[in-house]
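Visitor: Quick one: the structure is below, and I'll ask about it shortly.
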Amino acid sequence: MRDYQRHAIDTIEKYLSSDSQKQALIKMPTGTGKTGVIAVASHMSMGNILIIVPNAILPEQIKYEIEDAFWEKINCNNITNKKDIKIIKEDDTLEYIEHINMQILIITIQRLLILSKEKKTNSFSRLVQCTKAIFFDEGHRELAEIWAIVIKEFKCKKVLFTATPYRNDKALFNIDEQFVYRYSIQEALHDKSICNIKFEKLHTRLREKNTIDELIDFIINLVDKQDKRILIRMENKYSIETMVKKINEKINNIAAGFHSECSKSPNLFNKGQEIYAIKNQYNVFIHSDMLIEGLDFCELDTLIILDSFYNSRSFIQQIGRVLRNNEEKKQAIVFLWENEYEKWLEQWELYIRNDSQDQNVEYIEGFFRERFLFEEDFYKEVKIPKKANIFTTDKSVFNEVKNRITDKITGKVDLTYKVDYEERKREYLFWIMCYEKRMPSKFFDFKYYEDKSLQMVVLLEVKKNNKYFIFYQDTSNFSVPISELDIIQVAAEDFYKLIPDEFEIQNTRYTQTMQRRIGPHTQDITGFKLNSVPNNTNERMSFCRNVSGVMRGEKTVKRYVSPIKATISDKESGTYMDYVDWARKIVGIWITKSRSNLYFDRYSKIVAPPTSLPTSILLEIDKNIKDRKTGREFYLESSCIQINSNKQFTMIINHEPYICNIGNLRTNKISVNTPFKNRYEVVENKEKNILLETYLNKGNFRLYYREKNIMYNDKVHFSPNITTYYSKAEEWSMWKSIQVIDELATCKDEKLGDKTITTTWPPQSTFNVIINEIEKNYPYIKYIVCDDQNEEMADFIALSVEKEKCYFIHCKQKKKSLSASDFQDVCGQAIKNIQYIITSNWSDLEHIDKHISRWKTTWKYTHTPKKGREITWNINRLVKAPKIEDNNGIIRYGTIDDFVEQFKKINTSYQGEKEVWIVQGGLSKQGLKKEIERVKSSTKQKEQVTQLIWYLQSTQDIIINAGGKLKIVCQP
C-alpha cells in the first residue's frame, strides 16, 4: 500500500473508535486506490459494514476488488478472518441480516431509496438496526440531498468517500474536521499515482453532419496506428447507435455502445457493468452517462468528448476514467472541440486549485468559479449583458454623464470596493465600473443585516455622422439625469427599426390611447408569431409599450424592445468589445435603415404635440403612500381628473385637495407640478422609496385631448389608428385577406344560377363557382360537404387532411354593392357558428349529430318559374371525396363517415387549423380600393364603406380570437 492510503485508513480507524457524532471524509482522486482503502477499512472494522455506491456498475466491481483483486495487487492473499461480502439486490428481503454480525453489504443508492419507501416489509428497518458503519462511495453527487434523508435514519458511523471536491458536503453531511483526509490531484500527479494528462483540440469542422466520415477516420486512426483504447462521450441514444454502426462498418466490431434505452443487440448494451465482460473485445466504447464514474478500466487512455457536460463535476469524473495508471500507459489524452477547449481547460485548472484548498475557488451552480477580487484587469473577463437605455445628443457628454453617475452612486452606496476601466477611441468612448453594494436588509425595521451584492454600471458613447449615441445600463437602476443634461431619448420610431422583418414576436404589451372608465387599459399578450396574426381593433386603439421575441439565424437570440422607454435588451452577454460591437451595429441600423417593421403600423400612431389643451389626466398610482409629515401610510388609487383651462387639476390625497399644474405643454417633456413636493412618497421598499411627484413624472400619468383623440404618455403623443382612408389600399391590414374570383362577377344567384341544370349547382351560381375554384386551385382539399339549409354551420365544409385544416365557407350573392348591410347575413352566419372554431372537444358539439344526419341526405330544392313547370334539384351533399384503400386493399371513394372521422381529427387536434371564407359575390375589390384610397380625392368616403371596413374588422377580431383565420372572397 502507498503512504497516502495508509493515512486514509488511519483516519478511518481513529474516527470509528472516536465518540464523534458527525461524519468522516476521505477525498482521493479517481485511480489512486480509493477502493483499496474501502477494502482494508471494511474488513478491519467490527460489525456489519454497509457500502453504498452510486450506480449499478459498481456493486460487482467493488465486491471483486475488496474480496480478491485488491489483496492480489498487494500480494496479501493469505489474509485471515476476511468478512463475507453480499450484494443487496432487488429481490433481497434481508431476513438473514438479523443473524449475521461480521459481513460487508453492498447496495446502490437507488435500491436503498426504494427500500426506505417500502411499507410492506421490514427490510429497511432491519438494515438500519444491524449496520455498524456506512462507507458512502461518491457521497457528493447532485442528488445528495435525497440520499441524506435516508442516511440520517442510520445512527451509526458514516465515512464519505469522494474523488471530486465538494465543500458543500459539510452542509449536507456535517463533516467532522478532525477526521478528514484529503489527497489532492496535484499530489497524485506529482507522486505518479495517476498518469499525466494532455488536452488536445478537435477541429470544430468535424462537428458538421457532412464531415462525420472524417471524424470516424480520425477515431479509427487513433485505434489502428496509435493502438489507443478510447472512451467517447455522446449525449443521446441515437447518436451513440449511429456512431457505433458507422465505425463498425469501416472496421468490423471495434466499437461498442452503452445506453439504458438501447435494445440488446450486437455491439449495443443497456447496462454499464457489461463492459467488464466485453472490454477486451473492443477498442472504442461510446456512452452517454453510464461510464462517467465507478468504471475501473485502466487500459483506457484516450477520452473524446463529442457532447459536452452540463456541469464540471461530471467532466472531472469522466476524465478520471482515463487517469488510472497502467504499465503501458504513458499519458492520458483528452480531446475537446476547439470552440470549447479554453472553457474546459480553465475548469480543469480551477478544479486543481479548488482541490488544493484554494479558498478563492468554489464549486457553485455546476461549475468551478474564481472569487472576484476587484483586480484592475477585471474588464477582460466580465460578461456584460447586451442591454441599454439609449439617448442621443449633438455633442459629446460622456465625461459629464460619467461624473454625474459616479456622484449619484457614491451618494447612495459605500464604494469601498470598486474597480473601473475606461477606453477612449475615435469612434467610441467606453467606461465600466464594478462595485460592491452594501445595504441593510429590508426585512427588519430596527435590526441590521448587511446585504452585499456586486453591481455594474456601463456607459458607452458612439459617434456616427456627427451625432452621439449614449448607451447606458446600471444594475442598481440609477437613471441618467436627462433633465440636467442636453440629451434626449432616441425616438420610439427608431426603436421600431430594431425589430427585423424576420423577427418572431412572442410577447407584446400595449396600452389603450382612448380614455376608458371601465375595462382593461393595458394588456400583455403572449403567444407564437404574433406578427403573423392580423391586427385587431384593440391594437389599433392602443400604443405599443414593448415587444419581445426571437431573432433566428446562425444563433437564436431573444430580444426585448421598449420604444417609449428607449430600452433594448438581448438575452445574451459578452466581453466589453462584444458590447461595443453590438451597440455600434444598432447605431448603424438607425443610420442606414429607413423603414420600420410593419408590425408597428397596427398600433396608434406617434404624432406631434397638439396645440390644444388636454381635457383630463389619468394618474396611474395604485401604491402605498407615506406621509412624511405624520409618518402615516395609506393606499392611493389611480384616478382620472378633469383639467381646467388654466392647465390645472385638483388631486385628492387622504381627503385633502391639492391644486396641481401641467407644465411644458406642446412639447414631449410634459410634467406634473404639485404643491406638496416633498411631503408624500411612494413606498416601493426601504431602498427605493421615491417622492410621489417624481414617481408621476417617471411616466406614470397620461393626458387626454379631444383633438384627434390624442393621448400623451412618457414623452410621446399618440393618436389611435382609426382611419379608413389609405394612400394605398394595400396599407389596410385586411387587404391581403381579400381574394378575387373572376367568375363571381357573372353570378346571378347564390345557389341556382342557370336553372336548366339540376344535377349539380348550376353555372352562374356562387355555390358552383366556389366548388370549381377549390377543384382548380386547392388540390390539397380532398373533402367538400354541403351543410346548407336550416341552421347550417356553414354552406360548405372543406377538409385538407394533408394540412390538417378545416374550411368553413359562407356564401351570399348580392347585387354589386359596398354596403355593410349586405354582409350582415354572411358575417352573422360565420359569427353565430363560432363554436365550431373554438371547440376542440367533440363531445361539446351538442348538435353535431343533427348535421351528420343531414350530410347523409341530398340537398333538395324546388323552384317554379312564372312561366314553365316546376324544377327540382336533388344533389349529393358529399361534393368531393378522395379515393381510399381499405384494409383489404380495395380502392373505394370516401364516405360521409370518412369525412366525419377526418373532421373530428382536425377539429380536436392541437395542430388543426380553421379558416373561415366569407364569399360575397356582389363585392368588387376594385370598387372597394377606390373608396379606401379617397385620401387622394377631394370627395369624402361613402359612409357605408366606413361601416363595411369596421364591420369586416370586427368580424375578423372575433374569428381570430376564436383561433381561426378569415378570408374575404369577392369579384374583381
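Letters A, B, ... mark the chains of the C-alpha cells in the order given; residue numbers begin at 1 per chain; ligand numbers begin at 1, in order shown.
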Identify, on the basis of only C-alpha atoms, every residue whose closest approach to Ser719 of chain A does not exceed 10 Å; exclude the query and any residue fewer than 4 positions from it along the same chain; express the result as a list in words.

Guide: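 What passes the distance filter is Thr513, Met514, Arg540, Met541, Ser542, Phe543, Tyr603, Ser604, Lys605, Ile606, Val607, Ala608, Tyr705, Glu707, Lys708, Asn709, Ile710, Met711 and Tyr712 of chain A.
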
Visitor: Using backbone DSSP assignments, extract all alpha helix (DSSP H) residues from segment 552-721 of chain A; output them as a ChimeraX atom specification.

Guide: /A:576-592,692-696

Visitor: Could you please take those selected residues and save N, CA, C and O atoms as a CSV table (one decimal), in the first residue's frame?

Guide:
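Once written, selection-v4.csv looks like this:
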chain,number,residue,atom,x,y,z
A,576,TYR,N,-16.4,43.2,-23.2
A,576,TYR,CA,-16.7,44.6,-23.4
A,576,TYR,C,-16.6,45.0,-24.9
A,576,TYR,O,-17.4,45.8,-25.4
A,577,MET,N,-15.8,44.3,-25.6
A,577,MET,CA,-15.7,44.6,-27.1
A,577,MET,C,-16.9,44.0,-27.8
A,577,MET,O,-17.4,44.6,-28.8
A,578,ASP,N,-17.5,42.9,-27.3
A,578,ASP,CA,-18.7,42.4,-27.9
A,578,ASP,C,-19.8,43.4,-27.7
A,578,ASP,O,-20.6,43.7,-28.6
A,579,TYR,N,-19.8,44.0,-26.5
A,579,TYR,CA,-20.8,45.0,-26.2
A,579,TYR,C,-20.7,46.3,-27.1
A,579,TYR,O,-21.7,46.8,-27.6
A,580,VAL,N,-19.5,46.7,-27.3
A,580,VAL,CA,-19.2,47.9,-28.2
A,580,VAL,C,-19.7,47.6,-29.6
A,580,VAL,O,-20.3,48.4,-30.2
A,581,ASP,N,-19.3,46.4,-30.1
A,581,ASP,CA,-19.7,46.0,-31.5
A,581,ASP,C,-21.2,45.9,-31.6
A,581,ASP,O,-21.8,46.4,-32.6
A,582,TRP,N,-21.9,45.4,-30.6
A,582,TRP,CA,-23.4,45.3,-30.6
A,582,TRP,C,-24.0,46.7,-30.6
A,582,TRP,O,-24.9,46.9,-31.4
A,583,ALA,N,-23.5,47.6,-29.8
A,583,ALA,CA,-24.0,49.0,-29.8
A,583,ALA,C,-23.8,49.7,-31.2
A,583,ALA,O,-24.7,50.4,-31.7
A,584,ARG,N,-22.6,49.5,-31.7
A,584,ARG,CA,-22.3,50.1,-33.0
A,584,ARG,C,-23.2,49.6,-34.1
A,584,ARG,O,-23.5,50.3,-35.1
A,585,LYS,N,-23.5,48.3,-34.1
A,585,LYS,CA,-24.4,47.8,-35.1
A,585,LYS,C,-25.8,48.4,-35.0
A,585,LYS,O,-26.5,48.7,-36.0
A,586,ILE,N,-26.3,48.6,-33.7
A,586,ILE,CA,-27.6,49.3,-33.5
A,586,ILE,C,-27.5,50.7,-34.1
A,586,ILE,O,-28.5,51.1,-34.8
A,587,VAL,N,-26.5,51.4,-33.9
A,587,VAL,CA,-26.4,52.8,-34.4
A,587,VAL,C,-26.4,52.7,-36.0
A,587,VAL,O,-27.0,53.5,-36.6
A,588,GLY,N,-25.7,51.7,-36.5
A,588,GLY,CA,-25.6,51.5,-37.9
A,588,GLY,C,-27.0,51.3,-38.5
A,588,GLY,O,-27.3,51.8,-39.6
A,589,ILE,N,-27.8,50.5,-37.8
A,589,ILE,CA,-29.2,50.3,-38.3
A,589,ILE,C,-30.0,51.6,-38.4
A,589,ILE,O,-30.7,51.9,-39.4
A,590,TRP,N,-29.8,52.5,-37.4
A,590,TRP,CA,-30.5,53.8,-37.3
A,590,TRP,C,-30.0,54.7,-38.5
A,590,TRP,O,-30.8,55.4,-39.0
A,591,ILE,N,-28.8,54.6,-38.8
A,591,ILE,CA,-28.2,55.5,-39.8
A,591,ILE,C,-28.6,55.1,-41.2
A,591,ILE,O,-28.9,55.9,-42.1
A,592,THR,N,-28.7,53.7,-41.4
A,592,THR,CA,-28.9,53.2,-42.8
A,592,THR,C,-30.3,52.7,-43.1
A,592,THR,O,-30.7,52.7,-44.2
A,692,LEU,N,-43.7,61.2,-4.5
A,692,LEU,CA,-44.9,61.0,-5.3
A,692,LEU,C,-44.8,61.8,-6.6
A,692,LEU,O,-45.1,61.3,-7.7
A,693,GLU,N,-44.4,63.0,-6.6
A,693,GLU,CA,-44.3,63.9,-7.8
A,693,GLU,C,-43.2,63.3,-8.7
A,693,GLU,O,-43.4,63.2,-9.9
A,694,THR,N,-42.1,62.8,-8.2
A,694,THR,CA,-41.1,62.2,-9.0
A,694,THR,C,-41.6,60.9,-9.7
A,694,THR,O,-41.4,60.6,-10.9
A,695,TYR,N,-42.4,60.2,-8.9
A,695,TYR,CA,-43.0,58.9,-9.4
A,695,TYR,C,-43.9,59.2,-10.6
A,695,TYR,O,-43.9,58.5,-11.6
A,696,LEU,N,-44.8,60.2,-10.4
A,696,LEU,CA,-45.7,60.6,-11.5
A,696,LEU,C,-44.9,61.0,-12.8
A,696,LEU,O,-45.3,60.6,-13.9

Visitor: Please provide the set of residues having any atom within 8 Å of segment 460-477 of chain A, restricted to only C-alpha atoms, with same-chain residues fewer than 2 positions apart removed, written as an mmCIF file with N, CA and C atoms, in the first residue's frame.

Guide:
data_model
loop_
_atom_site.group_PDB
_atom_site.id
_atom_site.type_symbol
_atom_site.label_atom_id
_atom_site.label_comp_id
_atom_site.auth_asym_id
_atom_site.auth_seq_id
_atom_site.Cartn_x
_atom_site.Cartn_y
_atom_site.Cartn_z
ATOM 1 N N LYS A 387 -27.710 45.046 -23.134
ATOM 2 C CA LYS A 387 -28.921 45.834 -22.934
ATOM 3 C C LYS A 387 -28.526 47.267 -22.650
ATOM 4 N N ALA A 388 -29.459 48.194 -22.868
ATOM 5 C CA ALA A 388 -29.136 49.600 -22.649
ATOM 6 C C ALA A 388 -30.370 50.467 -22.732
ATOM 7 N N ASN A 389 -30.328 51.583 -22.009
ATOM 8 C CA ASN A 389 -31.174 52.737 -22.290
ATOM 9 C C ASN A 389 -30.348 53.618 -23.214
ATOM 10 N N ILE A 390 -30.965 54.107 -24.270
ATOM 11 C CA ILE A 390 -30.177 54.795 -25.298
ATOM 12 C C ILE A 390 -30.682 56.227 -25.484
ATOM 13 N N PHE A 391 -29.721 57.154 -25.485
ATOM 14 C CA PHE A 391 -30.014 58.574 -25.625
ATOM 15 C C PHE A 391 -29.204 59.136 -26.791
ATOM 16 N N THR A 392 -29.552 60.320 -27.215
ATOM 17 C CA THR A 392 -28.824 60.945 -28.317
ATOM 18 C C THR A 392 -28.635 62.432 -28.051
ATOM 19 N N THR A 393 -27.583 62.977 -28.662
ATOM 20 C CA THR A 393 -27.273 64.393 -28.486
ATOM 21 C C THR A 393 -26.390 64.850 -29.649
ATOM 22 N N ASP A 394 -26.226 66.162 -29.797
ATOM 23 C CA ASP A 394 -25.410 66.706 -30.891
ATOM 24 C C ASP A 394 -23.973 66.963 -30.466
ATOM 25 N N LYS A 395 -23.654 66.721 -29.201
ATOM 26 C CA LYS A 395 -22.280 66.937 -28.739
ATOM 27 C C LYS A 395 -21.913 65.847 -27.733
ATOM 28 N N SER A 396 -20.646 65.658 -27.501
ATOM 29 C CA SER A 396 -20.199 64.629 -26.558
ATOM 30 C C SER A 396 -20.529 65.037 -25.124
ATOM 31 N N PHE A 398 -20.020 62.476 -22.673
ATOM 32 C CA PHE A 398 -19.508 61.289 -21.987
ATOM 33 C C PHE A 398 -18.958 61.628 -20.597
ATOM 34 N N GLU A 427 -13.909 56.396 -32.475
ATOM 35 C CA GLU A 427 -15.288 56.031 -32.798
ATOM 36 C C GLU A 427 -16.180 55.905 -31.567
ATOM 37 N N TYR A 428 -15.574 55.692 -30.408
ATOM 38 C CA TYR A 428 -16.398 55.488 -29.210
ATOM 39 C C TYR A 428 -15.603 55.787 -27.944
ATOM 40 N N LEU A 429 -16.353 56.048 -26.868
ATOM 41 C CA LEU A 429 -15.796 56.187 -25.510
ATOM 42 C C LEU A 429 -16.519 55.175 -24.635
ATOM 43 N N PHE A 430 -15.753 54.407 -23.856
ATOM 44 C CA PHE A 430 -16.349 53.316 -23.074
ATOM 45 C C PHE A 430 -15.874 53.400 -21.628
ATOM 46 N N TRP A 431 -16.815 53.144 -20.711
ATOM 47 C CA TRP A 431 -16.477 53.116 -19.278
ATOM 48 C C TRP A 431 -17.314 52.048 -18.598
ATOM 49 N N GLN A 455 -22.472 45.002 -8.237
ATOM 50 C CA GLN A 455 -23.227 45.790 -9.211
ATOM 51 C C GLN A 455 -22.299 46.277 -10.319
ATOM 52 N N MET A 456 -22.893 46.667 -11.421
ATOM 53 C CA MET A 456 -22.106 47.107 -12.562
ATOM 54 C C MET A 456 -22.802 48.260 -13.259
ATOM 55 N N VAL A 457 -22.023 49.242 -13.684
ATOM 56 C CA VAL A 457 -22.537 50.332 -14.492
ATOM 57 C C VAL A 457 -21.702 50.399 -15.769
ATOM 58 N N VAL A 458 -22.389 50.558 -16.903
ATOM 59 C CA VAL A 458 -21.719 50.604 -18.207
ATOM 60 C C VAL A 458 -22.172 51.863 -18.934
ATOM 61 N N SER A 479 -30.803 56.047 -12.809
ATOM 62 C CA SER A 479 -31.083 56.548 -14.153
ATOM 63 C C SER A 479 -30.195 57.732 -14.510
ATOM 64 N N VAL A 480 -30.043 57.937 -15.810
ATOM 65 C CA VAL A 480 -29.296 59.095 -16.292
ATOM 66 C C VAL A 480 -30.135 60.357 -16.051
ATOM 67 N N VAL A 580 -19.457 46.706 -27.295
ATOM 68 C CA VAL A 580 -19.202 47.863 -28.166
ATOM 69 C C VAL A 580 -19.656 47.556 -29.594
ATOM 70 N N ALA A 583 -23.467 47.594 -29.837
ATOM 71 C CA ALA A 583 -24.014 48.956 -29.820
ATOM 72 C C ALA A 583 -23.773 49.662 -31.159
ATOM 73 N N ARG A 584 -22.612 49.475 -31.722
ATOM 74 C CA ARG A 584 -22.298 50.138 -32.999
ATOM 75 C C ARG A 584 -23.168 49.586 -34.132
ATOM 76 N N VAL A 587 -26.494 51.413 -33.866
ATOM 77 C CA VAL A 587 -26.383 52.766 -34.426
ATOM 78 C C VAL A 587 -26.354 52.701 -35.951
#

Visitor: Could you list, as a VMD selection string, every residue within 8 Å of Phe796 of chain A, counting only C-alpha atoms and ignoring same-chain residues fewer than 5 positions away?

Guide: chain A and resid 784 to 788 807 to 810

Visitor: Which residues in segment 539-605 of chain A does DSSP call strand (DSSP E or B)? List them as a PyMOL selection string.

Guide: chain A and resi 542-551+557-562+567-574+605

Visitor: Write out as a list in words which residues come within 7 Å of Ser639 of chain A when counting only C-alpha atoms, dropping same-chain ones fewer than 2 positions away.

Guide: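 Those residues are Leu618, Leu619, Glu620, Glu637 and Ile641 of chain A.
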
Visitor: Which residue, A:Arg545, A:Lys132, A:Arg869, A:Lys442, has the smallest gap to Phe718 of chain A when you use only C-alpha atoms?

Guide: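 Result for the nearest residue to Phe718 of chain A: A:Arg545.
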
Visitor: State, in Å with one decimal place, the distance from atom CA of Tyr96 of chain A to atom CA of Leu112 of chain A.

Guide: 17.0 Å

Visitor: So what do you get for atom CA of Gly294 of chain A versus atom CA of Leu58 of chain A, distance-wise?

Guide: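 Going from atom CA of Gly294 of chain A over to atom CA of Leu58 of chain A, I get 5.7 Å.
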
Visitor: When you look at segment 40-47 of chain A with a cut-off of 10 Å (counting only C-alpha atoms), what residues show up, excluding the ones that are within fewer than 6 positions of it in the same chain? I need them as a PyMOL selection string.

Guide: chain A and resi 5-6+8-10+12-13+16-17+66-67+70-71+79+81-85+100-105+130-135

Visitor: Write out as a PyMOL selection string each polymer residue whose atoms come within 7 Å of Arg892 of chain A, counting only C-alpha atoms; drop sequence neighbours fewer than 6 positions from it.

Guide: chain A and resi 883-885

Visitor: Keeping only N, CA, C and O atoms, write those residues as a PDB file, in the first residue's frame.

Guide:
ATOM      1  N   LYS A 883     -60.110   8.976 -53.063  1.00  0.00           N
ATOM      2  CA  LYS A 883     -60.068   7.508 -53.138  1.00  0.00           C
ATOM      3  C   LYS A 883     -59.325   6.994 -51.908  1.00  0.00           C
ATOM      4  O   LYS A 883     -58.308   7.542 -51.492  1.00  0.00           O
ATOM      5  N   ILE A 884     -59.852   5.914 -51.344  1.00  0.00           N
ATOM      6  CA  ILE A 884     -59.276   5.348 -50.116  1.00  0.00           C
ATOM      7  C   ILE A 884     -59.042   3.858 -50.327  1.00  0.00           C
ATOM      8  O   ILE A 884     -59.885   3.160 -50.897  1.00  0.00           O
ATOM      9  N   GLU A 885     -57.919   3.373 -49.837  1.00  0.00           N
ATOM     10  CA  GLU A 885     -57.640   1.939 -49.873  1.00  0.00           C
ATOM     11  C   GLU A 885     -57.943   1.358 -48.502  1.00  0.00           C
ATOM     12  O   GLU A 885     -57.372   1.784 -47.498  1.00  0.00           O
TER      13      GLU A 885
END

Visitor: Which residues of segment 689-792 of chain A come within 7 Å of segment 927-943 of chain A, and what is each one's closest atom pair and distance in Å (one decimal), counting only C-alpha atoms, sorted by chain and residue number, as a Markdown table?

Guide:
| residue | atom | partner | partner_atom | distance |
| --- | --- | --- | --- | --- |
| A:Thr724 | CA | A:Ile932 | CA | 6.5 |
| A:Tyr725 | CA | A:Ile932 | CA | 5.2 |
| A:Tyr726 | CA | A:Glu933 | CA | 5.2 |
| A:Ser727 | CA | A:Glu933 | CA | 5.3 |
| A:Lys728 | CA | A:Glu933 | CA | 6.0 |
| A:Ala729 | CA | A:Lys929 | CA | 5.6 |

Visitor: Write the selection just made, keeping N, CA, C and O atoms, as an mmCIF file, in the first residue's frame?

Guide:
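Output (again.cif):
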data_model
loop_
_atom_site.group_PDB
_atom_site.id
_atom_site.type_symbol
_atom_site.label_atom_id
_atom_site.label_comp_id
_atom_site.auth_asym_id
_atom_site.auth_seq_id
_atom_site.Cartn_x
_atom_site.Cartn_y
_atom_site.Cartn_z
ATOM 1 N N THR A 724 -59.959 54.955 -41.981
ATOM 2 C CA THR A 724 -60.394 54.011 -43.015
ATOM 3 C C THR A 724 -59.937 54.513 -44.386
ATOM 4 O O THR A 724 -60.325 53.961 -45.398
ATOM 5 N N TYR A 725 -59.126 55.577 -44.374
ATOM 6 C CA TYR A 725 -58.534 56.117 -45.594
ATOM 7 C C TYR A 725 -57.072 55.684 -45.672
ATOM 8 O O TYR A 725 -56.343 55.728 -44.677
ATOM 9 N N TYR A 726 -56.637 55.294 -46.842
ATOM 10 C CA TYR A 726 -55.241 54.925 -47.048
ATOM 11 C C TYR A 726 -54.780 55.437 -48.409
ATOM 12 O O TYR A 726 -55.559 55.469 -49.372
ATOM 13 N N SER A 727 -53.516 55.840 -48.489
ATOM 14 C CA SER A 727 -52.983 56.277 -49.787
ATOM 15 C C SER A 727 -52.903 55.098 -50.747
ATOM 16 O O SER A 727 -53.065 55.259 -51.954
ATOM 17 N N LYS A 728 -52.658 53.911 -50.189
ATOM 18 C CA LYS A 728 -52.702 52.680 -50.974
ATOM 19 C C LYS A 728 -53.547 51.681 -50.202
ATOM 20 O O LYS A 728 -53.352 51.499 -48.994
ATOM 21 N N ALA A 729 -54.468 51.036 -50.899
ATOM 22 C CA ALA A 729 -55.348 50.077 -50.223
ATOM 23 C C ALA A 729 -54.540 48.965 -49.562
ATOM 24 O O ALA A 729 -54.955 48.398 -48.546
#

Visitor: Calculated over only C-alpha atoms, which of the candidates A:Met28, A:Leu744, A:Leu598, A:Ile212 has the smallest distance to Thr766 of chain A?

Guide: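 Smallest distance to Thr766 of chain A is found for A:Leu744.
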
Visitor: Looking at only C-alpha atoms, which of A:Asn790, A:Ser193, A:Thr615, A:Ser954 is the one that sits closest to Ile831 of chain A?

Guide: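 Selected residue with least distance to Ile831 of chain A: A:Ser954.
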
Visitor: Atom CA of Glu299 of chain A and atom CA of Asn325 of chain A are how many Å apart?

Guide: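 Distance reported for this atom pair: 8.3 Å.
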